[in-house]
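Here is the file upload_3.cif (mmCIF, C-alpha atoms).
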data_my_file
loop_
_atom_site.group_PDB
_atom_site.id
_atom_site.type_symbol
_atom_site.label_atom_id
_atom_site.label_comp_id
_atom_site.auth_asym_id
_atom_site.auth_seq_id
_atom_site.Cartn_x
_atom_site.Cartn_y
_atom_site.Cartn_z
ATOM 1 C CA MET A 279 0.400 -5.746 17.825
ATOM 2 C CA ARG A 280 -1.401 -2.974 16.040
ATOM 3 C CA PHE A 281 -3.912 -3.080 13.178
ATOM 4 C CA GLY A 282 -4.131 -0.137 10.798
ATOM 5 C CA ILE A 283 -7.292 0.581 8.840
ATOM 6 C CA VAL A 284 -6.859 2.748 5.765
ATOM 7 C CA ILE A 285 -9.422 5.448 5.002
ATOM 8 C CA PHE A 286 -9.687 6.521 1.370
ATOM 9 C CA PRO A 287 -12.171 9.187 0.325
ATOM 10 C CA GLY A 288 -15.281 7.046 -0.102
ATOM 11 C CA SER A 289 -14.321 4.128 2.167
ATOM 12 C CA ASN A 290 -17.370 3.142 4.202
ATOM 13 C CA CYS A 291 -16.451 -0.070 6.024
ATOM 14 C CA ASP A 292 -13.542 1.499 7.898
ATOM 15 C CA GLN A 293 -15.513 2.004 11.134
ATOM 16 C CA ASP A 294 -16.864 -1.554 11.051
ATOM 17 C CA CYS A 295 -13.320 -2.908 10.707
ATOM 18 C CA PHE A 296 -12.084 -0.612 13.466
ATOM 19 C CA TYR A 297 -14.911 -1.716 15.772
ATOM 20 C CA VAL A 298 -14.297 -5.418 15.168
ATOM 21 C CA ILE A 299 -10.565 -5.121 15.822
ATOM 22 C CA LYS A 300 -10.919 -2.905 18.880
ATOM 23 C CA ASP A 301 -14.119 -4.105 20.567
ATOM 24 C CA VAL A 302 -14.577 -7.682 19.383
ATOM 25 C CA LEU A 303 -11.007 -8.844 18.845
ATOM 26 C CA LYS A 304 -9.801 -6.462 21.584
ATOM 27 C CA ARG A 305 -6.577 -5.458 19.886
ATOM 28 C CA PRO A 306 -5.198 -1.966 19.261
ATOM 29 C CA ALA A 307 -6.482 -0.360 16.081
ATOM 30 C CA LYS A 308 -5.661 2.926 14.441
ATOM 31 C CA TYR A 309 -6.893 4.662 11.325
ATOM 32 C CA ILE A 310 -4.473 5.390 8.485
ATOM 33 C CA TRP A 311 -5.353 8.387 6.315
ATOM 34 C CA HIS A 312 -4.836 7.928 2.557
ATOM 35 C CA GLY A 313 -2.232 10.681 2.646
ATOM 36 C CA ASP A 314 -0.210 9.098 5.485
ATOM 37 C CA THR A 315 3.272 7.839 4.726
ATOM 38 C CA ASP A 316 4.534 6.330 7.992
ATOM 39 C CA LEU A 317 3.393 2.760 8.558
ATOM 40 C CA SER A 318 6.135 1.745 10.980
ATOM 41 C CA ASP A 319 3.583 1.437 13.778
ATOM 42 C CA PHE A 320 1.625 -1.435 12.246
ATOM 43 C CA ASP A 321 1.771 -5.214 12.124
ATOM 44 C CA SER A 322 -1.262 -5.631 9.943
ATOM 45 C CA ILE A 323 -3.064 -3.300 7.546
ATOM 46 C CA ILE A 324 -6.681 -3.557 6.429
ATOM 47 C CA LEU A 325 -7.984 -1.901 3.266
ATOM 48 C CA PRO A 326 -11.713 -1.701 3.970
ATOM 49 C CA GLY A 327 -14.689 -1.795 1.639
ATOM 50 C CA GLY A 328 -16.505 1.175 0.191
ATOM 51 C CA PHE A 329 -16.474 3.242 -2.952
ATOM 52 C CA SER A 330 -13.069 4.888 -2.942
ATOM 53 C CA TYR A 331 -13.007 7.916 -5.243
ATOM 54 C CA GLY A 332 -16.598 7.181 -6.223
ATOM 55 C CA ASP A 333 -15.525 4.056 -8.146
ATOM 56 C CA TYR A 334 -14.658 6.465 -10.974
ATOM 57 C CA LEU A 335 -12.920 5.052 -14.058
ATOM 58 C CA ARG A 336 -12.600 1.515 -12.614
ATOM 59 C CA THR A 337 -13.064 0.368 -9.009
ATOM 60 C CA GLY A 338 -9.855 0.978 -7.084
ATOM 61 C CA SER A 339 -8.046 2.543 -10.032
ATOM 62 C CA ILE A 340 -7.701 6.014 -8.486
ATOM 63 C CA ALA A 341 -7.123 4.875 -4.897
ATOM 64 C CA ARG A 342 -4.054 2.941 -5.948
ATOM 65 C CA PHE A 343 -2.328 6.276 -6.638
ATOM 66 C CA SER A 344 -2.998 7.600 -3.102
ATOM 67 C CA PRO A 345 0.257 8.506 -1.327
ATOM 68 C CA VAL A 346 -0.276 5.732 1.240
ATOM 69 C CA MET A 347 -0.362 3.002 -1.411
ATOM 70 C CA LYS A 348 3.320 3.255 -2.230
ATOM 71 C CA HIS A 349 4.063 2.640 1.447
ATOM 72 C CA ILE A 350 1.581 -0.210 1.635
ATOM 73 C CA ALA A 351 3.390 -1.791 -1.325
ATOM 74 C CA ASP A 352 6.685 -1.477 0.601
ATOM 75 C CA PHE A 353 5.029 -2.846 3.740
ATOM 76 C CA ALA A 354 3.757 -5.833 1.738
ATOM 77 C CA LYS A 355 7.119 -6.358 0.068
ATOM 78 C CA LYS A 356 8.733 -6.658 3.501
ATOM 79 C CA GLY A 357 6.234 -9.368 4.422
ATOM 80 C CA GLY A 358 3.726 -7.205 6.303
ATOM 81 C CA THR A 359 0.207 -8.600 6.631
ATOM 82 C CA VAL A 360 -2.324 -6.883 4.355
ATOM 83 C CA ILE A 361 -6.050 -7.673 4.049
ATOM 84 C CA GLY A 362 -8.157 -6.077 1.319
ATOM 85 C CA ILE A 363 -11.902 -6.481 1.742
ATOM 86 C CA CYS A 364 -14.295 -5.786 -1.156
ATOM 87 C CA ASN A 365 -13.194 -2.374 -2.484
ATOM 88 C CA GLY A 366 -9.924 -3.003 -0.631
ATOM 89 C CA PHE A 367 -9.483 -6.161 -2.726
ATOM 90 C CA GLN A 368 -10.223 -4.166 -5.889
ATOM 91 C CA ILE A 369 -7.562 -1.614 -4.903
ATOM 92 C CA LEU A 370 -4.976 -4.363 -4.288
ATOM 93 C CA LEU A 371 -5.700 -5.738 -7.780
ATOM 94 C CA GLU A 372 -5.330 -2.339 -9.445
ATOM 95 C CA ALA A 373 -2.135 -1.734 -7.463
ATOM 96 C CA GLY A 374 -0.709 -5.028 -8.693
ATOM 97 C CA LEU A 375 -0.267 -6.377 -5.151
ATOM 98 C CA LEU A 376 -2.577 -9.214 -6.171
ATOM 99 C CA PRO A 377 -2.982 -10.614 -9.694
ATOM 100 C CA GLY A 378 -6.121 -10.269 -11.813
ATOM 101 C CA VAL A 379 -8.934 -7.776 -12.106
ATOM 102 C CA MET A 380 -12.629 -7.317 -11.281
ATOM 103 C CA LEU A 381 -15.347 -7.151 -13.914
ATOM 104 C CA ARG A 382 -18.949 -6.154 -13.344
ATOM 105 C CA ASN A 383 -21.119 -8.867 -11.830
ATOM 106 C CA ARG A 384 -22.396 -11.403 -14.365
ATOM 107 C CA ASP A 385 -26.007 -10.162 -14.133
ATOM 108 C CA LEU A 386 -25.042 -6.463 -13.819
ATOM 109 C CA HIS A 387 -26.737 -6.150 -10.407
ATOM 110 C CA PHE A 388 -25.308 -4.887 -7.159
ATOM 111 C CA ILE A 389 -25.593 -7.939 -4.899
ATOM 112 C CA CYS A 390 -26.027 -7.580 -1.148
ATOM 113 C CA LYS A 391 -26.706 -10.855 0.660
ATOM 114 C CA HIS A 392 -25.241 -13.654 2.725
ATOM 115 C CA VAL A 393 -23.411 -16.290 0.704
ATOM 116 C CA TYR A 394 -21.354 -19.348 1.551
ATOM 117 C CA ILE A 395 -17.662 -19.710 0.840
ATOM 118 C CA LYS A 396 -15.379 -22.675 1.200
ATOM 119 C CA THR A 397 -11.951 -22.496 2.818
ATOM 120 C CA GLU A 398 -9.757 -23.901 0.061
ATOM 121 C CA ASN A 399 -6.484 -23.217 1.802
ATOM 122 C CA ASN A 400 -6.247 -23.239 5.588
ATOM 123 C CA HIS A 401 -2.460 -23.155 5.671
ATOM 124 C CA THR A 402 -2.303 -19.371 5.603
ATOM 125 C CA ARG A 403 -1.861 -16.682 8.221
ATOM 126 C CA PHE A 404 -5.457 -15.643 7.464
ATOM 127 C CA THR A 405 -7.165 -19.014 7.795
ATOM 128 C CA ASN A 406 -5.272 -21.042 10.403
ATOM 129 C CA PHE A 407 -8.382 -21.104 12.634
ATOM 130 C CA TYR A 408 -10.433 -22.887 9.969
ATOM 131 C CA ASN A 409 -10.462 -26.493 8.842
ATOM 132 C CA LYS A 410 -9.758 -27.380 5.226
ATOM 133 C CA ASP A 411 -13.009 -27.051 3.242
ATOM 134 C CA GLN A 412 -14.770 -25.341 6.149
ATOM 135 C CA ILE A 413 -17.861 -23.525 4.920
ATOM 136 C CA LEU A 414 -18.374 -19.937 6.077
ATOM 137 C CA LYS A 415 -21.583 -17.957 5.990
ATOM 138 C CA ILE A 416 -20.591 -14.418 5.147
ATOM 139 C CA PRO A 417 -22.149 -11.360 3.446
ATOM 140 C CA ILE A 418 -21.184 -9.844 0.113
ATOM 141 C CA ALA A 419 -22.118 -6.346 -1.114
ATOM 142 C CA HIS A 420 -20.659 -5.391 -4.464
ATOM 143 C CA ASN A 421 -21.228 -4.577 -8.112
ATOM 144 C CA GLU A 422 -17.770 -5.551 -9.397
ATOM 145 C CA GLY A 423 -16.855 -8.903 -7.879
ATOM 146 C CA ASN A 424 -16.593 -10.916 -11.051
ATOM 147 C CA TYR A 425 -12.965 -11.945 -10.701
ATOM 148 C CA TYR A 426 -11.035 -12.390 -13.929
ATOM 149 C CA ILE A 427 -7.504 -13.428 -14.823
ATOM 150 C CA ASP A 428 -6.006 -14.931 -17.979
ATOM 151 C CA ALA A 429 -5.525 -18.709 -18.325
ATOM 152 C CA ASN A 430 -1.846 -18.649 -17.310
ATOM 153 C CA GLY A 431 -2.607 -16.498 -14.297
ATOM 154 C CA LEU A 432 -5.337 -18.882 -13.164
ATOM 155 C CA GLU A 433 -2.983 -21.821 -13.555
ATOM 156 C CA ASP A 434 -0.472 -19.985 -11.375
ATOM 157 C CA LEU A 435 -3.068 -19.287 -8.681
ATOM 158 C CA ARG A 436 -4.065 -22.956 -8.595
ATOM 159 C CA ASN A 437 -0.529 -24.319 -8.606
ATOM 160 C CA ASN A 438 0.576 -22.066 -5.755
ATOM 161 C CA ASN A 439 -2.532 -22.649 -3.615
ATOM 162 C CA GLN A 440 -3.313 -18.941 -3.808
ATOM 163 C CA ILE A 441 -7.063 -19.470 -4.053
ATOM 164 C CA VAL A 442 -8.122 -19.113 -0.424
ATOM 165 C CA PHE A 443 -11.941 -19.010 -0.734
ATOM 166 C CA ARG A 444 -14.436 -20.177 -3.360
ATOM 167 C CA TYR A 445 -18.174 -19.498 -3.452
ATOM 168 C CA CYS A 446 -20.233 -22.589 -2.638
ATOM 169 C CA SER A 447 -23.610 -23.816 -1.412
ATOM 170 C CA ALA A 448 -24.495 -24.253 2.279
ATOM 171 C CA THR A 449 -23.323 -27.841 1.935
ATOM 172 C CA GLY A 450 -20.170 -27.021 0.020
ATOM 173 C CA GLU A 451 -21.078 -27.668 -3.618
ATOM 174 C CA VAL A 452 -19.061 -25.433 -5.904
ATOM 175 C CA ASN A 453 -20.833 -24.676 -9.186
ATOM 176 C CA ASP A 454 -22.322 -21.812 -11.220
ATOM 177 C CA ARG A 455 -25.561 -21.873 -9.279
ATOM 178 C CA TYR A 456 -23.797 -20.806 -6.086
ATOM 179 C CA ASN A 457 -21.464 -18.356 -7.753
ATOM 180 C CA PRO A 458 -23.184 -15.006 -7.139
ATOM 181 C CA ASN A 459 -21.223 -12.802 -9.523
ATOM 182 C CA GLY A 460 -19.706 -14.999 -12.241
ATOM 183 C CA ALA A 461 -16.196 -14.941 -10.759
ATOM 184 C CA LEU A 462 -13.751 -17.116 -12.669
ATOM 185 C CA ASP A 463 -13.268 -20.511 -11.022
ATOM 186 C CA HIS A 464 -15.765 -19.335 -8.332
ATOM 187 C CA ILE A 465 -13.016 -17.298 -6.700
ATOM 188 C CA ALA A 466 -14.073 -15.295 -3.632
ATOM 189 C CA GLY A 467 -10.626 -14.639 -2.181
ATOM 190 C CA ILE A 468 -6.970 -15.016 -3.174
ATOM 191 C CA MET A 469 -3.579 -14.278 -1.695
ATOM 192 C CA ASN A 470 -0.232 -13.374 -3.200
ATOM 193 C CA LYS A 471 2.535 -15.924 -3.736
ATOM 194 C CA ASN A 472 4.272 -14.987 -0.492
ATOM 195 C CA GLY A 473 1.055 -15.501 1.437
ATOM 196 C CA ASN A 474 1.077 -12.157 3.251
ATOM 197 C CA VAL A 475 -1.524 -10.262 1.175
ATOM 198 C CA LEU A 476 -5.152 -11.450 1.122
ATOM 199 C CA GLY A 477 -7.961 -10.031 -0.987
ATOM 200 C CA MET A 478 -11.569 -11.131 -0.577
ATOM 201 C CA MET A 479 -14.931 -9.851 -1.771
ATOM 202 C CA PRO A 480 -17.011 -11.087 1.219
ATOM 203 C CA HIS A 481 -17.039 -9.003 4.395
ATOM 204 C CA PRO A 482 -15.550 -10.733 7.466
ATOM 205 C CA GLU A 483 -16.061 -7.563 9.527
ATOM 206 C CA ARG A 484 -19.812 -7.877 8.942
ATOM 207 C CA SER A 485 -19.793 -11.460 10.163
ATOM 208 C CA SER A 486 -17.809 -11.202 13.373
ATOM 209 C CA GLU A 487 -20.635 -11.340 15.925
ATOM 210 C CA SER A 488 -23.463 -13.835 16.206
ATOM 211 C CA GLU A 489 -25.943 -10.945 16.635
ATOM 212 C CA LEU A 490 -25.320 -10.177 12.962
ATOM 213 C CA GLY A 491 -26.290 -13.662 11.819
ATOM 214 C CA SER A 492 -22.825 -15.176 11.578
ATOM 215 C CA ARG A 493 -19.447 -14.875 13.212
ATOM 216 C CA ASP A 494 -17.692 -17.041 10.657
ATOM 217 C CA GLY A 495 -15.635 -14.109 9.391
ATOM 218 C CA TYR A 496 -14.245 -13.270 12.826
ATOM 219 C CA PHE A 497 -11.704 -16.064 12.665
ATOM 220 C CA ILE A 498 -9.872 -14.432 9.778
ATOM 221 C CA PHE A 499 -8.821 -11.631 12.137
ATOM 222 C CA LYS A 500 -8.262 -14.158 14.919
ATOM 223 C CA SER A 501 -6.017 -16.192 12.600
ATOM 224 C CA VAL A 502 -3.895 -13.124 11.876
ATOM 225 C CA VAL A 503 -3.506 -12.460 15.604
ATOM 226 C CA LYS A 504 -2.510 -16.071 16.230
ATOM 227 C CA TRP A 505 0.006 -15.936 13.389
ATOM 228 C CA LEU A 506 1.518 -12.651 14.555
ATOM 229 C CA GLU A 507 1.804 -13.879 18.143
ATOM 230 C CA THR A 508 3.480 -17.128 17.126
ATOM 231 C CA LYS A 509 5.871 -15.157 14.961
ATOM 232 C CA LYS A 510 6.791 -12.913 17.882
ATOM 233 C CA HIS A 511 7.800 -15.876 20.009
ATOM 234 C CA ASP A 512 9.872 -17.537 17.298
ATOM 235 C CA MET B 37 -4.320 23.156 -28.262
ATOM 236 C CA LEU B 38 -4.725 19.476 -29.054
ATOM 237 C CA LYS B 39 -7.627 17.199 -28.294
ATOM 238 C CA ALA B 40 -7.245 13.459 -27.758
ATOM 239 C CA GLU B 41 -10.231 11.156 -27.909
ATOM 240 C CA ILE B 42 -9.454 7.868 -26.212
ATOM 241 C CA TYR B 43 -11.667 4.821 -26.687
ATOM 242 C CA ILE B 44 -11.390 2.059 -24.091
ATOM 243 C CA THR B 45 -13.105 -1.267 -24.687
ATOM 244 C CA LEU B 46 -13.015 -4.729 -23.166
ATOM 245 C CA LYS B 47 -10.764 -7.139 -25.030
ATOM 246 C CA LYS B 48 -12.543 -9.516 -27.376
ATOM 247 C CA THR B 49 -11.645 -12.427 -25.111
ATOM 248 C CA VAL B 50 -13.400 -10.828 -22.109
ATOM 249 C CA ALA B 51 -17.157 -11.304 -21.712
ATOM 250 C CA ASP B 52 -19.138 -8.064 -21.840
ATOM 251 C CA PRO B 53 -22.470 -8.657 -20.046
ATOM 252 C CA GLN B 54 -23.445 -5.008 -20.475
ATOM 253 C CA GLY B 55 -22.969 -5.170 -24.243
ATOM 254 C CA LEU B 56 -24.943 -8.411 -24.343
ATOM 255 C CA THR B 57 -27.826 -6.848 -22.423
ATOM 256 C CA VAL B 58 -27.911 -3.868 -24.772
ATOM 257 C CA LYS B 59 -27.832 -6.249 -27.737
ATOM 258 C CA HIS B 60 -30.895 -8.068 -26.379
ATOM 259 C CA ALA B 61 -32.655 -4.725 -25.864
ATOM 260 C CA LEU B 62 -31.911 -3.653 -29.450
ATOM 261 C CA GLU B 63 -33.163 -6.996 -30.717
ATOM 262 C CA SER B 64 -36.385 -6.542 -28.797
ATOM 263 C CA LEU B 65 -36.794 -3.226 -30.635
ATOM 264 C CA GLY B 66 -36.789 -5.180 -33.885
ATOM 265 C CA TYR B 67 -33.137 -4.956 -34.924
ATOM 266 C CA LYS B 68 -32.659 -8.661 -35.499
ATOM 267 C CA ASP B 69 -29.530 -8.494 -37.622
ATOM 268 C CA LEU B 70 -26.934 -7.679 -34.956
ATOM 269 C CA ALA B 71 -23.665 -9.599 -34.873
ATOM 270 C CA ASP B 72 -22.421 -8.129 -31.605
ATOM 271 C CA VAL B 73 -22.640 -5.124 -29.273
ATOM 272 C CA ARG B 74 -19.687 -4.095 -27.143
ATOM 273 C CA MET B 75 -19.698 -1.285 -24.581
ATOM 274 C CA GLY B 76 -16.752 0.947 -23.765
ATOM 275 C CA LYS B 77 -15.674 4.331 -22.493
ATOM 276 C CA MET B 78 -14.527 7.460 -24.227
ATOM 277 C CA VAL B 79 -12.173 9.876 -22.496
ATOM 278 C CA VAL B 80 -11.484 13.316 -23.948
ATOM 279 C CA VAL B 81 -8.195 14.920 -22.922
ATOM 280 C CA LYS B 82 -7.285 18.435 -24.011
ATOM 281 C CA LEU B 83 -3.621 19.338 -24.123
ATOM 282 C CA ASN B 84 -2.055 22.766 -23.693
ATOM 283 C CA TYR B 85 0.433 22.252 -26.499
ATOM 284 C CA GLU B 86 0.644 21.576 -30.221
ATOM 285 C CA ASP B 87 3.306 18.876 -30.449
ATOM 286 C CA LYS B 88 1.520 15.782 -31.782
ATOM 287 C CA ILE B 89 4.476 13.459 -31.275
ATOM 288 C CA ARG B 90 4.685 14.402 -27.616
ATOM 289 C CA ALA B 91 0.892 14.059 -27.339
ATOM 290 C CA LYS B 92 0.946 10.562 -28.786
ATOM 291 C CA LYS B 93 3.655 9.503 -26.368
ATOM 292 C CA GLU B 94 1.969 11.015 -23.314
ATOM 293 C CA ILE B 95 -1.536 9.736 -24.122
ATOM 294 C CA ASN B 96 -0.078 6.285 -24.573
ATOM 295 C CA GLU B 97 1.524 6.512 -21.141
ATOM 296 C CA MET B 98 -1.708 7.767 -19.570
ATOM 297 C CA CYS B 99 -3.592 4.802 -20.995
ATOM 298 C CA LYS B 100 -1.022 2.330 -19.724
ATOM 299 C CA LYS B 101 -0.692 3.857 -16.256
ATOM 300 C CA LEU B 102 -4.274 4.719 -15.447
ATOM 301 C CA LEU B 103 -6.960 4.979 -18.092
ATOM 302 C CA ALA B 104 -7.060 1.348 -19.234
ATOM 303 C CA ASN B 105 -6.378 -1.892 -17.388
ATOM 304 C CA PRO B 106 -4.294 -3.994 -19.793
ATOM 305 C CA ILE B 107 -5.543 -7.269 -18.273
ATOM 306 C CA ILE B 108 -9.052 -6.762 -19.637
ATOM 307 C CA GLU B 109 -9.090 -3.624 -21.748
ATOM 308 C CA GLU B 110 -7.632 -2.319 -24.976
ATOM 309 C CA TYR B 111 -7.552 1.251 -26.153
ATOM 310 C CA ARG B 112 -7.101 3.369 -29.223
ATOM 311 C CA PHE B 113 -7.072 7.104 -29.626
ATOM 312 C CA LYS B 114 -7.006 9.914 -32.133
ATOM 313 C CA ILE B 115 -5.387 13.283 -31.680
ATOM 314 C CA GLU B 116 -6.524 16.375 -33.502
ATOM 315 C CA GLU B 117 -6.113 20.123 -33.315
ATOM 316 C CA GLU B 118 -8.704 21.871 -31.211
ATOM 317 C CA ARG B 119 -9.786 25.404 -32.084
ATOM 318 C CA THR B 120 -10.689 27.373 -28.987
#
Once more with this new file: its structure as structure tokens, please.
Amino acid sequence: MRFGIVIFPGSNCDQDCFYVIKDVLKRPAKYIWHGDTDLSDFDSIILPGGFSYGDYLRTGSIARFSPVMKHIADFAKKGGTVIGICNGFQILLEAGLLPGVMLRNRDLHFICKHVYIKTENNHTRFTNFYNKDQILKIPIAHNEGNYYIDANGLEDLRNNNQIVFRYCSATGEVNDRYNPNGALDHIAGIMNKNGNVLGMMPHPERSSESELGSRDGYFIFKSVVKWLETKKHD
Amino acid sequence: MLKAEIYITLKKTVADPQGLTVKHALESLGYKDLADVRMGKMVVVKLNYEDKIRAKKEINEMCKKLLANPIIEEYRFKIEEERT
């Protein structure tokens, strides 16, 4: 079982993801260059955070035209497991692998802090280690995390249980006060209809060891491993 | 040579916190009579040809594929001759 971590020009969470997979999760990890075209080696692909292509034009809008993205789209279409974190999420949105778009944060500030998110759907390959409504302490660091989608799109997300995480308080209240960036319906993470592509603004790779204040994010990677292993034995 | 000026703005239905902030700043300067302020981007593309019909078609494609995100943004453009 091999994890691939994509490096775009301007990615800066790639090494953190690599470290967590290799040294914390203890699974094989390999970098994927944005010009690479062969993904046959991988079971799961992570698009890490950062500022791909300097966030020029719109976040993720240039990265989606990298040669590797066409192959990631094929990989996803075949059911491959894809996780987009922060800028990785923004790229997945621009690439159309997830619905919606990111606007600038409500108060126009770059926000870098620990927040709480609630596990809205634990019947996914990304969250099978969590309980329903489990609250995770996890850091965010972004300027464009204000998720937006039109009314029909939102209805779709709700009806198909595609909303995986919502921002909340430490005790699980979901309201504007605990929504750091103004995201529609307090959305922190969504998946596609098939359930094999996850995008989330918070950083699980920065919350995978208790030394860093929380290891609540670790179990996202652990869930993927569990899912892949079960699948192998089916 | 042709020059296309492309204006990209957020759709009216999408909140524009940046525009709102600028509106407040203008109001604090004494301009109290403002209905709305919206922010956007302008992109200037110069084309190595003179065919305006082709230019219109290609600029339209560029906007759809890359320059604007149709979920939140709308665009308009004008194309004129550019003397070098």
Q: Can you check which residues of chain B have any atom within 10 Å of chain A? Use all atoms listed in the file and format it as JSON, numbers by chain.
A: {"B": [46, 49, 50, 51, 52, 53, 54, 57, 77, 79, 101, 102, 103, 104, 105, 106, 107, 108]}
Once you add 3 Å to each side, what are the centre and edge lengths of the axis-aligned box holding all listed atoms of stretch 84-90 of chain B? One decimal in Å, as lines of an AutoDock Vina configuration file, if you can.
center_x = 1.3
center_y = 18.1
center_z = -27.7
size_x = 12.7
size_y = 15.3
size_z = 14.1
Q: Take the PyMOL selection byres ((chain A and resi 390) around 7), apply it to the structure above, and return the hits as a PyMOL selection string.
A: chain A and resi 388-389+391+418-420
Q | Atom pair atom CA of B:Ile42 / atom CA of B:Leu56: separation (Å) | A | 22.5 Å
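Look at B:Asp72: the protein and nucleic acid residues within 10 Å of it, using all atoms listed in the file and passing over chain neighbours fewer than 3 places away, are B:Gly55, B:Leu56, B:Val58, B:Lys59, B:His60, B:Asp69.
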(Q) Just the number, please: distance in Å from atom CA of A:Ile361 to atom CA of A:Gly332, one decimal. (A) 20.9 Å
Sort by chain and increasing residue number a table of all residues of stretch 322-346 of chain A within 12 Å of stretch 488-511 of chain A, each with its closest pair of atoms and their distance in Å to one decimal, counting all atoms listed in the file, and write it as CSV.
residue,atom,partner,partner_atom,distance
A:Ser322,CA,A:Val502,CA,8.2
A:Ile323,CA,A:Val502,CA,10.8
A:Ile324,CA,A:Phe499,CA,10.1
Q. Atom CA of B:Ile95 and atom CA of A:Val346 are how many Å apart?
A.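 That distance, rounded to one decimal, is 25.7 Å.
Here the residues that fall within 10 Å of (-10.0, 9.2, -31.8), using only C-alpha atoms, are given as Lys39, Ala40, Glu41, Ile42, Tyr43, Met78, Val79, Val80, Arg112, Phe113, Lys114, Ile115 and Glu116 of chain B.
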